[in-house]
Amino acid sequence: MARSQNVQSSEAGKKILKEAYKEQGLTQPELAGKSNTSIDTIKRLLGTKDCPNGVERWSIKNICKVLGLKPTDIVDPQDWHGCELIPQDFQSLIEEKLKRFCGRKFVFKAFGDFIKKHPCGYFIVIGEAGIGKSAVAAKYVQDHHVPGYFNILAERRNRAELFLKSLRGQLQQRYNLPNSDNADLRELLANVARQLPEGEPLVVVVDALDEVEQEAGENLLHLPKELPDNVYFLLTRRPYSLETKRLTVSAGTATDELDLSGDEYAPHCRRDVEEYLGRWWDEETALQQWTQGRHLSRKEFVETLADKSENNFMYLRYVLPEMVNGNYDSLELTQLPQGLQEYYQTHWVRMGMERAERRMRVMVLFVLVEIGAAVPAQVLADVLDEDILHVQKVLNKEWREYLKLQPEDGEDCYSIYHASFLDFLNGKVELKPTRKLFCEVNQRIADYQEREMEQ
């Protein structure tokens, strides 16, 4: 039975939480503000407000960080570790994607209907960058505890051999699969299918199929043309052409697609975006003050910003925190950027990236694009021959919301957060291969790698 990512506080945890915030001289509203959660969340954890559906894990982690506690101080350890089957390589990504997650019920219903209708098959969710495909994949993995793989172009975690290794490990963890260390995908799925309990399907989630790097020829990730009965794949990808589809199946394996840009789904997507915006407005006093200062109602705020976002969650992920932090205090609601690409361009200009003196800031981003992996700030500083403090300021002050920060071997490492920003950077003339800057950055990377080999 699938267990929810949401959890409840234990009786002992309620007492610990109450004592901890009082010891630090915090009120409930102050704790909510410092932990970027809502007062209702605090009350649910304290037991003073009903909590039938539990509390999201990310909010508990934020609260514990403020109070110097561990999540298992508030939540029973057995409940907290109940999601151990979620792929550890993608745990932080899943938690990030599911902050304030809402809606998409129509997607999950369509996939559920697909499973009921067909003995096996591929169900593909299609949508433009930032529309919420990865969140759909993350939500399904979280709620149903199924195997999953998230292709990440910016980190070069997007190759068939990495996918197979990860999926093999996940299936071995869940099922008794002797002599499977060298099994290919077809063999693995067949071995699992033979031991599935009656009526229990195997669902494998694969996100961002379009970001896979693989030589032409076979199906992407070598996905089998034939699937065993009771085996299903939930795939996400951007719109594709016949040349880039690369998913051919046999007559006995069903396929179906749900295009999030389709007219029939537009009302659903709009409602999901409006619900998401409403949650932000309800939980962020700064947004309420922003709208009140402009004599706008909650409804006007939600509807206008939904129009501006073009139903793109990535746009909202960037714009809403900036509004909360006061970066748009000088603008009216109608003056906000229109759509994700205009937002990127507006920020680019606002940061003065068109000016020659901002050259190093462009190069920091370009090095991340070219290396294509998460790297420490010290590596960037060494490649560019810049002071580490200067590089850290650029990373953490100017481009933080566009970068993914993750610990590796005890160091904080940076990579491009989302493929849509990578697309934007690759489209800038400053980063074209014909430009002098391109050659210089690649030469610097090569020089750095040569120095490392000599040590």
# chains A, B, ... in the order shown; residues from 1 in each chain; ligands from 1
$ select_by_dssp --residues "range 96-253 of chain A" --states "strand (DSSP E or B)" --output "VMD selection string"
chain A and resid 121 to 126 148 to 150 152 157 202 to 207 231 to 237
$ write_last_selection --atoms "N, CA, C and O atoms" --output "short mmCIF file (atom, residue, chain, number, x, y, z; two decimals), in the first residue's frame"
data_model
loop_
_atom_site.label_atom_id
_atom_site.label_comp_id
_atom_site.auth_asym_id
_atom_site.auth_seq_id
_atom_site.Cartn_x
_atom_site.Cartn_y
_atom_site.Cartn_z
N GLY A 121 1.59 -1.03 -20.91
CA GLY A 121 1.76 0.05 -21.87
C GLY A 121 2.50 1.26 -21.37
O GLY A 121 2.92 1.33 -20.21
N TYR A 122 2.65 2.24 -22.29
CA TYR A 122 3.32 3.50 -22.03
C TYR A 122 2.30 4.64 -22.04
O TYR A 122 1.56 4.81 -23.01
N PHE A 123 2.29 5.43 -20.98
CA PHE A 123 1.43 6.61 -20.89
C PHE A 123 2.35 7.83 -20.83
O PHE A 123 3.22 7.92 -19.96
N ILE A 124 2.17 8.77 -21.75
CA ILE A 124 3.12 9.87 -21.92
C ILE A 124 2.44 11.20 -21.64
O ILE A 124 1.43 11.54 -22.27
N VAL A 125 2.98 11.94 -20.68
CA VAL A 125 2.51 13.30 -20.38
C VAL A 125 3.41 14.27 -21.13
O VAL A 125 4.63 14.28 -20.93
N ILE A 126 2.81 15.10 -21.98
CA ILE A 126 3.57 16.01 -22.84
C ILE A 126 3.29 17.45 -22.44
O ILE A 126 2.14 17.81 -22.13
N GLY A 148 11.42 5.19 -10.01
CA GLY A 148 11.42 6.37 -10.86
C GLY A 148 12.81 6.80 -11.25
O GLY A 148 13.79 6.49 -10.56
N TYR A 149 12.89 7.51 -12.36
CA TYR A 149 14.16 8.08 -12.81
C TYR A 149 13.89 9.44 -13.41
O TYR A 149 12.96 9.60 -14.22
N PHE A 150 14.70 10.42 -13.04
CA PHE A 150 14.54 11.79 -13.51
C PHE A 150 15.76 12.18 -14.33
O PHE A 150 16.86 12.35 -13.78
N ILE A 152 18.22 14.53 -16.08
CA ILE A 152 18.59 15.92 -15.79
C ILE A 152 19.72 16.30 -16.74
O ILE A 152 20.89 15.98 -16.50
N ARG A 157 22.85 13.66 -16.09
CA ARG A 157 22.24 12.42 -15.59
C ARG A 157 21.11 12.06 -16.55
O ARG A 157 19.94 12.08 -16.19
N LEU A 202 3.20 -3.13 -11.92
CA LEU A 202 4.48 -2.45 -11.74
C LEU A 202 4.43 -1.18 -12.58
O LEU A 202 4.24 -1.26 -13.80
N VAL A 203 4.57 -0.04 -11.93
CA VAL A 203 4.62 1.24 -12.64
C VAL A 203 6.02 1.81 -12.48
O VAL A 203 6.56 1.88 -11.37
N VAL A 204 6.62 2.22 -13.59
CA VAL A 204 7.92 2.88 -13.59
C VAL A 204 7.73 4.29 -14.14
O VAL A 204 7.17 4.46 -15.23
N VAL A 205 8.18 5.28 -13.38
CA VAL A 205 8.06 6.67 -13.80
C VAL A 205 9.40 7.14 -14.38
O VAL A 205 10.45 6.93 -13.76
N VAL A 206 9.35 7.75 -15.55
CA VAL A 206 10.56 8.31 -16.16
C VAL A 206 10.25 9.75 -16.57
O VAL A 206 9.37 9.98 -17.40
N ASP A 207 10.98 10.69 -16.01
CA ASP A 207 10.76 12.11 -16.29
C ASP A 207 11.74 12.63 -17.34
O ASP A 207 12.90 12.20 -17.39
N VAL A 231 2.84 -4.37 -16.50
CA VAL A 231 3.96 -3.44 -16.43
C VAL A 231 3.60 -2.19 -17.22
O VAL A 231 3.21 -2.26 -18.40
N TYR A 232 3.75 -1.02 -16.57
CA TYR A 232 3.37 0.26 -17.17
C TYR A 232 4.47 1.29 -16.94
O TYR A 232 5.13 1.28 -15.90
N PHE A 233 4.65 2.16 -17.91
CA PHE A 233 5.57 3.29 -17.78
C PHE A 233 4.76 4.58 -17.84
O PHE A 233 3.93 4.77 -18.73
N LEU A 234 5.02 5.46 -16.87
CA LEU A 234 4.50 6.83 -16.90
C LEU A 234 5.66 7.73 -17.30
O LEU A 234 6.62 7.90 -16.55
N LEU A 235 5.61 8.27 -18.52
CA LEU A 235 6.70 9.06 -19.08
C LEU A 235 6.28 10.52 -19.18
O LEU A 235 5.11 10.84 -19.39
N THR A 236 7.25 11.42 -19.05
CA THR A 236 7.00 12.84 -19.34
C THR A 236 8.04 13.31 -20.35
O THR A 236 9.19 12.84 -20.35
N ARG A 237 7.63 14.25 -21.19
CA ARG A 237 8.56 14.80 -22.17
C ARG A 237 7.98 16.07 -22.77
O ARG A 237 6.79 16.34 -22.67
#
$ residues_around --residues "range 423-428 of chain A" --least-positions-apart "3" --cutoff "9 Å" --atoms "only C-alpha atoms" --output "ChimeraX atom specification"
/A:341,344-345,365-366,369,418-420,431-432
$ write_last_selection --atoms "all heavy atoms" --output "compact mmCIF listing (two decimals), in the first residue's frame"
# COMPACT_ATOMS: atom_id res chain seq x y z
N GLN A 341 10.07 32.98 -20.77
CA GLN A 341 11.23 33.48 -21.50
C GLN A 341 11.40 34.99 -21.31
O GLN A 341 12.52 35.49 -21.20
CB GLN A 341 11.11 33.13 -22.98
CG GLN A 341 11.26 31.64 -23.27
CD GLN A 341 12.59 31.08 -22.80
OE1 GLN A 341 13.66 31.63 -23.08
NE2 GLN A 341 12.54 29.98 -22.05
N TYR A 344 13.03 35.50 -17.94
CA TYR A 344 14.48 35.31 -17.99
C TYR A 344 15.17 36.54 -18.59
O TYR A 344 16.19 37.01 -18.07
CB TYR A 344 14.82 34.08 -18.83
CG TYR A 344 14.52 32.75 -18.17
CD1 TYR A 344 14.06 31.67 -18.92
CD2 TYR A 344 14.70 32.56 -16.81
CE1 TYR A 344 13.79 30.45 -18.34
CE2 TYR A 344 14.44 31.33 -16.21
CZ TYR A 344 13.98 30.29 -16.99
OH TYR A 344 13.71 29.08 -16.41
N GLN A 345 14.62 37.05 -19.68
CA GLN A 345 15.24 38.19 -20.35
C GLN A 345 15.18 39.43 -19.47
O GLN A 345 16.15 40.21 -19.39
CB GLN A 345 14.55 38.46 -21.69
CG GLN A 345 15.11 39.64 -22.46
CD GLN A 345 16.58 39.48 -22.81
OE1 GLN A 345 17.07 38.36 -22.96
NE2 GLN A 345 17.30 40.59 -22.96
N LEU A 365 28.08 31.52 -15.49
CA LEU A 365 26.97 30.72 -16.00
C LEU A 365 27.42 29.83 -17.15
O LEU A 365 27.03 28.66 -17.24
CB LEU A 365 25.84 31.64 -16.48
CG LEU A 365 25.12 32.44 -15.40
CD1 LEU A 365 24.12 33.39 -16.04
CD2 LEU A 365 24.41 31.52 -14.42
N PHE A 366 28.26 30.39 -18.02
CA PHE A 366 28.68 29.64 -19.19
C PHE A 366 29.55 28.45 -18.81
O PHE A 366 29.47 27.38 -19.42
CB PHE A 366 29.42 30.56 -20.15
CG PHE A 366 29.55 29.99 -21.53
CD1 PHE A 366 28.67 29.04 -22.00
CD2 PHE A 366 30.55 30.44 -22.38
CE1 PHE A 366 28.78 28.52 -23.28
CE2 PHE A 366 30.68 29.92 -23.65
CZ PHE A 366 29.80 28.96 -24.10
N VAL A 369 27.23 25.78 -17.85
CA VAL A 369 26.62 25.19 -19.04
C VAL A 369 27.58 24.20 -19.70
O VAL A 369 27.20 23.08 -20.07
CB VAL A 369 26.22 26.29 -20.06
CG1 VAL A 369 25.80 25.66 -21.38
CG2 VAL A 369 25.09 27.14 -19.50
N HIS A 418 17.07 24.33 -14.12
CA HIS A 418 16.00 23.85 -14.99
C HIS A 418 16.41 23.96 -16.45
O HIS A 418 17.10 24.90 -16.84
CB HIS A 418 14.71 24.63 -14.75
CG HIS A 418 13.49 23.98 -15.31
ND1 HIS A 418 12.97 24.32 -16.53
CD2 HIS A 418 12.69 23.01 -14.81
CE1 HIS A 418 11.89 23.59 -16.76
NE2 HIS A 418 11.69 22.79 -15.75
N ALA A 419 15.95 23.00 -17.25
CA ALA A 419 16.32 22.96 -18.66
C ALA A 419 15.85 24.20 -19.41
O ALA A 419 16.47 24.60 -20.40
CB ALA A 419 15.74 21.71 -19.32
N SER A 420 14.77 24.84 -18.95
CA SER A 420 14.28 26.04 -19.64
C SER A 420 15.28 27.18 -19.53
O SER A 420 15.46 27.96 -20.47
CB SER A 420 12.93 26.48 -19.08
OG SER A 420 13.03 26.80 -17.70
N LEU A 431 26.72 33.50 -25.78
CA LEU A 431 27.14 32.12 -25.57
C LEU A 431 27.23 31.31 -26.85
O LEU A 431 27.38 30.11 -26.82
CB LEU A 431 26.16 31.43 -24.60
CG LEU A 431 25.89 32.20 -23.29
CD1 LEU A 431 24.99 31.36 -22.38
CD2 LEU A 431 27.17 32.54 -22.57
N LYS A 432 27.12 31.97 -27.98
CA LYS A 432 27.18 31.25 -29.24
C LYS A 432 28.62 30.78 -29.52
O LYS A 432 29.59 31.48 -29.18
CB LYS A 432 26.71 32.15 -30.39
CG LYS A 432 25.22 32.47 -30.34
CD LYS A 432 24.38 31.24 -30.58
CE LYS A 432 22.91 31.59 -30.64
NZ LYS A 432 22.07 30.39 -30.83
$ residues_around --residues "range 40-51 of chain A" --least-positions-apart "2" --cutoff "10 Å" --atoms "only C-alpha atoms" --output "short mmCIF file (atom, residue, chain, number, x, y, z; two decimals) with all heavy atoms, in the first residue's frame"
data_model
loop_
_atom_site.label_atom_id
_atom_site.label_comp_id
_atom_site.auth_asym_id
_atom_site.auth_seq_id
_atom_site.Cartn_x
_atom_site.Cartn_y
_atom_site.Cartn_z
N VAL A 7 3.27 13.63 6.73
CA VAL A 7 3.41 12.90 7.99
C VAL A 7 2.73 13.67 9.12
O VAL A 7 2.44 14.86 9.00
CB VAL A 7 4.90 12.68 8.35
CG1 VAL A 7 5.55 11.70 7.39
CG2 VAL A 7 5.67 14.00 8.34
N GLN A 8 2.51 12.98 10.23
CA GLN A 8 1.89 13.56 11.43
C GLN A 8 2.94 13.68 12.53
O GLN A 8 3.86 12.88 12.62
CB GLN A 8 0.76 12.64 11.92
CG GLN A 8 -0.29 12.30 10.88
CD GLN A 8 -1.44 13.28 10.89
OE1 GLN A 8 -1.42 14.26 11.62
NE2 GLN A 8 -2.45 13.01 10.07
N SER A 9 2.77 14.66 13.39
CA SER A 9 3.64 14.77 14.56
C SER A 9 3.22 13.75 15.61
O SER A 9 2.04 13.43 15.74
CB SER A 9 3.58 16.19 15.14
OG SER A 9 2.23 16.53 15.46
N SER A 10 4.18 13.23 16.34
CA SER A 10 3.88 12.32 17.44
C SER A 10 3.47 13.12 18.66
O SER A 10 3.66 14.34 18.73
CB SER A 10 5.10 11.46 17.76
OG SER A 10 6.16 12.29 18.24
N GLU A 11 2.91 12.44 19.66
CA GLU A 11 2.52 13.14 20.89
C GLU A 11 3.74 13.74 21.57
O GLU A 11 3.70 14.88 22.05
CB GLU A 11 1.79 12.17 21.83
CG GLU A 11 0.41 11.77 21.37
CD GLU A 11 -0.49 12.97 21.15
OE1 GLU A 11 -0.52 13.87 22.02
OE2 GLU A 11 -1.16 13.01 20.09
N GLY A 13 6.44 14.54 20.02
CA GLY A 13 6.94 15.59 19.13
C GLY A 13 6.22 16.90 19.31
O GLY A 13 6.82 17.98 19.19
N LYS A 14 4.93 16.85 19.61
CA LYS A 14 4.16 18.08 19.86
C LYS A 14 4.73 18.84 21.05
O LYS A 14 4.87 20.07 21.02
CB LYS A 14 2.69 17.74 20.08
CG LYS A 14 2.00 17.17 18.86
CD LYS A 14 0.61 16.64 19.19
CE LYS A 14 -0.03 15.98 17.97
NZ LYS A 14 -1.32 15.37 18.27
N LYS A 15 5.06 18.11 22.10
CA LYS A 15 5.63 18.74 23.30
C LYS A 15 7.02 19.31 23.01
O LYS A 15 7.35 20.41 23.44
CB LYS A 15 5.69 17.72 24.44
CG LYS A 15 4.33 17.21 24.90
CD LYS A 15 4.47 16.17 25.98
CE LYS A 15 3.11 15.63 26.42
NZ LYS A 15 3.25 14.57 27.46
N ILE A 16 7.82 18.54 22.27
CA ILE A 16 9.18 19.01 21.94
C ILE A 16 9.12 20.28 21.11
O ILE A 16 9.87 21.23 21.34
CB ILE A 16 9.95 17.89 21.20
CG1 ILE A 16 10.23 16.72 22.14
CG2 ILE A 16 11.25 18.44 20.60
CD1 ILE A 16 10.81 15.51 21.44
N LEU A 17 8.22 20.31 20.13
CA LEU A 17 8.08 21.49 19.27
C LEU A 17 7.67 22.71 20.09
O LEU A 17 8.24 23.80 19.94
CB LEU A 17 7.05 21.21 18.18
CG LEU A 17 6.68 22.38 17.26
CD1 LEU A 17 7.91 22.92 16.55
CD2 LEU A 17 5.62 21.96 16.26
N LYS A 18 6.69 22.54 20.96
CA LYS A 18 6.20 23.66 21.77
C LYS A 18 7.31 24.21 22.67
O LYS A 18 7.51 25.42 22.77
CB LYS A 18 5.01 23.20 22.61
CG LYS A 18 4.35 24.31 23.42
CD LYS A 18 3.11 23.78 24.12
CE LYS A 18 2.41 24.90 24.90
NZ LYS A 18 1.19 24.39 25.59
N GLN A 28 4.33 31.74 17.45
CA GLN A 28 3.98 30.88 16.32
C GLN A 28 4.10 31.61 14.98
O GLN A 28 4.64 31.06 14.02
CB GLN A 28 2.58 30.31 16.52
CG GLN A 28 2.50 29.30 17.66
CD GLN A 28 1.10 28.73 17.84
OE1 GLN A 28 0.30 28.74 16.92
NE2 GLN A 28 0.82 28.24 19.05
N PRO A 29 3.59 32.85 14.88
CA PRO A 29 3.77 33.57 13.60
C PRO A 29 5.24 33.80 13.25
O PRO A 29 5.62 33.73 12.08
CB PRO A 29 3.04 34.90 13.85
CG PRO A 29 2.03 34.60 14.90
CD PRO A 29 2.69 33.61 15.80
N LEU A 31 7.79 31.87 14.12
CA LEU A 31 8.34 30.59 13.68
C LEU A 31 7.90 30.28 12.25
O LEU A 31 8.69 29.81 11.43
CB LEU A 31 7.89 29.47 14.63
CG LEU A 31 8.33 28.05 14.24
CD1 LEU A 31 9.84 27.94 14.11
CD2 LEU A 31 7.79 27.03 15.25
N ALA A 32 6.64 30.57 11.95
CA ALA A 32 6.14 30.34 10.59
C ALA A 32 6.90 31.18 9.58
O ALA A 32 7.28 30.70 8.50
CB ALA A 32 4.64 30.65 10.52
N SER A 35 10.56 29.92 9.06
CA SER A 35 10.66 28.60 8.42
C SER A 35 9.95 28.54 7.07
O SER A 35 9.86 27.47 6.47
CB SER A 35 10.09 27.52 9.35
OG SER A 35 8.72 27.80 9.65
N THR A 37 6.86 28.62 6.38
CA THR A 37 5.66 27.80 6.41
C THR A 37 4.49 28.67 6.84
O THR A 37 4.64 29.87 7.01
CB THR A 37 5.82 26.62 7.39
OG1 THR A 37 6.11 27.14 8.70
CG2 THR A 37 6.96 25.70 6.97
N SER A 38 3.34 28.07 7.04
CA SER A 38 2.16 28.82 7.47
C SER A 38 1.89 28.59 8.95
O SER A 38 2.34 27.59 9.54
CB SER A 38 0.93 28.40 6.66
OG SER A 38 0.59 27.06 6.96
N ASN A 53 -4.75 15.08 6.91
CA ASN A 53 -3.91 14.68 5.77
C ASN A 53 -2.43 14.83 6.03
O ASN A 53 -1.61 14.67 5.13
CB ASN A 53 -4.30 15.51 4.54
CG ASN A 53 -5.74 15.29 4.12
OD1 ASN A 53 -6.22 14.16 4.14
ND2 ASN A 53 -6.43 16.36 3.79
N GLY A 54 -2.06 15.17 7.26
CA GLY A 54 -0.65 15.31 7.59
C GLY A 54 -0.05 16.62 7.11
O GLY A 54 -0.74 17.49 6.59
N VAL A 55 1.26 16.75 7.30
CA VAL A 55 2.00 17.96 6.96
C VAL A 55 3.14 17.58 6.02
O VAL A 55 3.74 16.51 6.16
CB VAL A 55 2.56 18.62 8.24
CG1 VAL A 55 3.53 19.74 7.91
CG2 VAL A 55 1.42 19.15 9.10
N GLU A 56 3.42 18.44 5.07
CA GLU A 56 4.48 18.15 4.10
C GLU A 56 5.85 18.11 4.78
O GLU A 56 6.16 18.91 5.66
CB GLU A 56 4.49 19.20 2.99
CG GLU A 56 3.27 19.11 2.08
CD GLU A 56 3.27 20.20 1.03
OE1 GLU A 56 3.18 21.38 1.41
OE2 GLU A 56 3.37 19.86 -0.16
N SER A 59 8.21 21.25 5.02
CA SER A 59 7.90 22.27 6.04
C SER A 59 8.47 21.86 7.39
O SER A 59 8.95 22.71 8.16
CB SER A 59 6.39 22.49 6.12
OG SER A 59 5.71 21.32 6.51
N ILE A 60 8.42 20.56 7.70
CA ILE A 60 9.00 20.08 8.96
C ILE A 60 10.51 20.26 8.96
O ILE A 60 11.10 20.66 9.97
CB ILE A 60 8.62 18.59 9.18
CG1 ILE A 60 7.11 18.47 9.38
CG2 ILE A 60 9.37 18.02 10.38
CD1 ILE A 60 6.62 17.05 9.50
N ILE A 63 11.23 23.91 9.68
CA ILE A 63 10.99 24.22 11.10
C ILE A 63 12.13 23.69 11.96
O ILE A 63 12.63 24.39 12.85
CB ILE A 63 9.64 23.63 11.55
CG1 ILE A 63 8.48 24.37 10.86
CG2 ILE A 63 9.48 23.70 13.06
CD1 ILE A 63 7.14 23.69 11.01
N ILE A 74 10.15 15.45 16.00
CA ILE A 74 8.74 15.84 15.90
C ILE A 74 7.88 14.70 15.38
O ILE A 74 6.74 14.52 15.80
CB ILE A 74 8.61 17.07 14.96
CG1 ILE A 74 9.38 18.26 15.54
CG2 ILE A 74 7.16 17.44 14.73
CD1 ILE A 74 9.38 19.48 14.65
N VAL A 75 8.42 13.91 14.46
CA VAL A 75 7.68 12.82 13.83
C VAL A 75 8.27 11.49 14.28
O VAL A 75 9.49 11.36 14.42
CB VAL A 75 7.75 12.93 12.29
CG1 VAL A 75 6.99 11.79 11.62
CG2 VAL A 75 7.20 14.27 11.83
N GLU A 283 -0.62 32.22 2.33
CA GLU A 283 0.46 31.89 3.27
C GLU A 283 1.53 32.97 3.37
O GLU A 283 2.38 32.91 4.26
CB GLU A 283 1.11 30.56 2.86
CG GLU A 283 0.15 29.37 2.95
CD GLU A 283 0.78 28.08 2.44
OE1 GLU A 283 2.00 28.08 2.20
OE2 GLU A 283 0.05 27.08 2.31
#
$ residues_around --residues "Ile445 in chain A" --least-positions-apart "6" --cutoff "12 Å" --atoms "only C-alpha atoms" --output "NGL selection string"
:A and (363-364 or 366-372 or 379-385 or 438-439 or 451-452)
$ write_last_selection --atoms "N, CA, C and O atoms" --output "tab-separated table (two decimals), in the first residue's frame"
chain	number	residue	atom	x	y	z
A	363	MET	N	30.36	34.56	-17.61
A	363	MET	CA	31.27	33.43	-17.71
A	363	MET	C	30.98	32.38	-16.64
A	363	MET	O	31.14	31.18	-16.89
A	364	VAL	N	30.57	32.80	-15.44
A	364	VAL	CA	30.21	31.84	-14.40
A	364	VAL	C	29.10	30.92	-14.89
A	364	VAL	O	29.17	29.70	-14.76
A	366	PHE	N	28.26	30.39	-18.02
A	366	PHE	CA	28.68	29.64	-19.19
A	366	PHE	C	29.55	28.45	-18.81
A	366	PHE	O	29.47	27.38	-19.42
A	367	VAL	N	30.38	28.60	-17.78
A	367	VAL	CA	31.18	27.46	-17.31
A	367	VAL	C	30.26	26.35	-16.82
A	367	VAL	O	30.48	25.16	-17.11
A	368	LEU	N	29.18	26.71	-16.10
A	368	LEU	CA	28.23	25.70	-15.64
A	368	LEU	C	27.56	25.01	-16.82
A	368	LEU	O	27.34	23.80	-16.80
A	369	VAL	N	27.23	25.78	-17.85
A	369	VAL	CA	26.62	25.19	-19.04
A	369	VAL	C	27.58	24.20	-19.70
A	369	VAL	O	27.20	23.08	-20.07
A	370	GLU	N	28.83	24.59	-19.84
A	370	GLU	CA	29.80	23.77	-20.56
A	370	GLU	C	30.24	22.55	-19.77
A	370	GLU	O	30.41	21.47	-20.33
A	371	ILE	N	30.42	22.69	-18.46
A	371	ILE	CA	30.84	21.54	-17.65
A	371	ILE	C	29.70	20.54	-17.57
A	371	ILE	O	29.93	19.32	-17.59
A	372	GLY	N	28.47	21.04	-17.46
A	372	GLY	CA	27.31	20.16	-17.49
A	372	GLY	C	27.22	19.22	-16.31
A	372	GLY	O	26.71	18.11	-16.41
A	379	VAL	N	35.88	25.32	-7.81
A	379	VAL	CA	36.23	24.90	-9.18
A	379	VAL	C	35.96	26.04	-10.15
A	379	VAL	O	36.77	26.34	-11.04
A	380	LEU	N	34.80	26.69	-10.00
A	380	LEU	CA	34.48	27.82	-10.87
A	380	LEU	C	35.50	28.93	-10.71
A	380	LEU	O	35.93	29.55	-11.69
A	381	ALA	N	35.88	29.19	-9.46
A	381	ALA	CA	36.87	30.23	-9.20
A	381	ALA	C	38.21	29.88	-9.83
A	381	ALA	O	38.89	30.74	-10.42
A	382	ASP	N	38.62	28.61	-9.75
A	382	ASP	CA	39.90	28.18	-10.33
A	382	ASP	C	39.87	28.26	-11.85
A	382	ASP	O	40.84	28.67	-12.49
A	383	VAL	N	38.74	27.85	-12.45
A	383	VAL	CA	38.62	27.91	-13.91
A	383	VAL	C	38.72	29.34	-14.40
A	383	VAL	O	39.40	29.63	-15.39
A	384	LEU	N	38.06	30.26	-13.69
A	384	LEU	CA	38.01	31.65	-14.13
A	384	LEU	C	39.14	32.50	-13.56
A	384	LEU	O	39.25	33.69	-13.89
A	385	ASP	N	39.96	31.89	-12.68
A	385	ASP	CA	41.05	32.63	-12.03
A	385	ASP	C	40.49	33.86	-11.30
A	385	ASP	O	41.01	34.97	-11.44
A	438	PHE	N	32.95	32.23	-25.96
A	438	PHE	CA	32.80	30.77	-25.98
A	438	PHE	C	34.17	30.10	-26.02
A	438	PHE	O	34.46	29.19	-25.24
A	439	CYS	N	35.01	30.54	-26.91
A	439	CYS	CA	36.34	29.96	-27.05
A	439	CYS	C	37.17	30.16	-25.79
A	439	CYS	O	37.89	29.27	-25.34
A	451	ARG	N	45.69	21.18	-15.56
A	451	ARG	CA	46.38	21.41	-14.28
A	451	ARG	C	46.01	20.35	-13.26
A	451	ARG	O	46.87	19.87	-12.51
A	452	GLU	N	44.74	19.94	-13.25
A	452	GLU	CA	44.30	18.92	-12.31
A	452	GLU	C	44.95	17.57	-12.59
A	452	GLU	O	45.30	16.83	-11.67
$ atom_distance --atom1 "CA of Leu258 in chain A" --atom2 "CA of Lys404 in chain A"
28.7 Å
$ closest_residue --among "A:Val136, A:Val362, A:Val146, A:Val192" --to "Phe101 in chain A" --atoms "only C-alpha atoms"
A:Val136
$ closest_atom_pairs --of "range 176-266 of chain A" --to "range 310-315 of chain A" --cutoff "12 Å" --atoms "only C-alpha atoms" --output "CSV"
residue,atom,partner,partner_atom,distance
A:Leu260,CA,A:Asn311,CA,10.2
A:Ser261,CA,A:Asn311,CA,9.6
A:Tyr265,CA,A:Asn311,CA,11.3
A:Ala266,CA,A:Asn311,CA,8.7
$ write_last_selection --atoms "C-alpha atoms" --output "PDB file, in the first residue's frame"
ATOM      1  CA  LEU A 260      -1.062  19.470 -21.251  1.00  0.00           C
ATOM      2  CA  SER A 261      -1.335  22.174 -23.933  1.00  0.00           C
ATOM      3  CA  TYR A 265      -7.006  20.415 -20.527  1.00  0.00           C
ATOM      4  CA  ALA A 266      -6.620  24.213 -20.528  1.00  0.00           C
TER       5      ALA A 266
END
$ atom_distance --atom1 "CA of Arg57 in chain A" --atom2 "CA of Pro87 in chain A"
15.9 Å
$ residues_around --residues "Lys308 in chain A" --least-positions-apart "6" --cutoff "12 Å" --atoms "only C-alpha atoms" --output "JSON, numbers by chain"
{"A": [270, 273, 274, 277, 301, 302, 315, 316, 319, 320, 333, 334, 335, 336, 337, 338, 339, 340, 341, 342, 343]}
$ write_last_selection --atoms "C-alpha atoms" --output "CSV table (one decimal), in the first residue's frame"
chain,number,residue,atom,x,y,z
A,270,ARG,CA,-5.8,27.2,-15.3
A,273,VAL,CA,-2.3,27.5,-11.4
A,274,GLU,CA,-5.0,29.6,-9.7
A,277,LEU,CA,-1.3,31.2,-6.6
A,301,PHE,CA,-4.0,39.1,-8.0
A,302,VAL,CA,-4.6,35.4,-8.8
A,315,TYR,CA,7.5,31.2,-14.1
A,316,LEU,CA,5.7,31.4,-10.7
A,319,VAL,CA,8.4,35.5,-9.7
A,320,LEU,CA,6.5,34.8,-6.5
A,333,LEU,CA,0.9,43.9,-11.5
A,334,THR,CA,0.4,44.5,-15.2
A,335,GLN,CA,4.1,45.4,-15.5
A,336,LEU,CA,5.4,42.0,-14.5
A,337,PRO,CA,7.0,39.9,-17.3
A,338,GLN,CA,4.8,38.0,-19.7
A,339,GLY,CA,5.7,34.3,-19.7
A,340,LEU,CA,8.8,32.4,-18.7
A,341,GLN,CA,11.2,33.5,-21.5
A,342,GLU,CA,10.4,37.2,-21.0
A,343,TYR,CA,11.0,36.7,-17.3
$ select_by_dssp --residues "range 179-384 of chain A" --states "helix (DSSP H, G or I)" --output "PyMOL selection string"
chain A and resi 185-194+209-211+220-222+242-245+263-283+285-292+298-309+313-324+333-335+340-350+356-371+377-384
$ residues_around --residues "Tyr414 in chain A" --least-positions-apart "5" --cutoff "8 Å" --atoms "only C-alpha atoms" --output "PyMOL selection string"
chain A and resi 368+374-377+403-406
$ closest_residue --among "A:Val141, A:Glu128, A:Asp210, A:Ser415" --to "Thr244 in chain A" --atoms "only C-alpha atoms"
A:Asp210
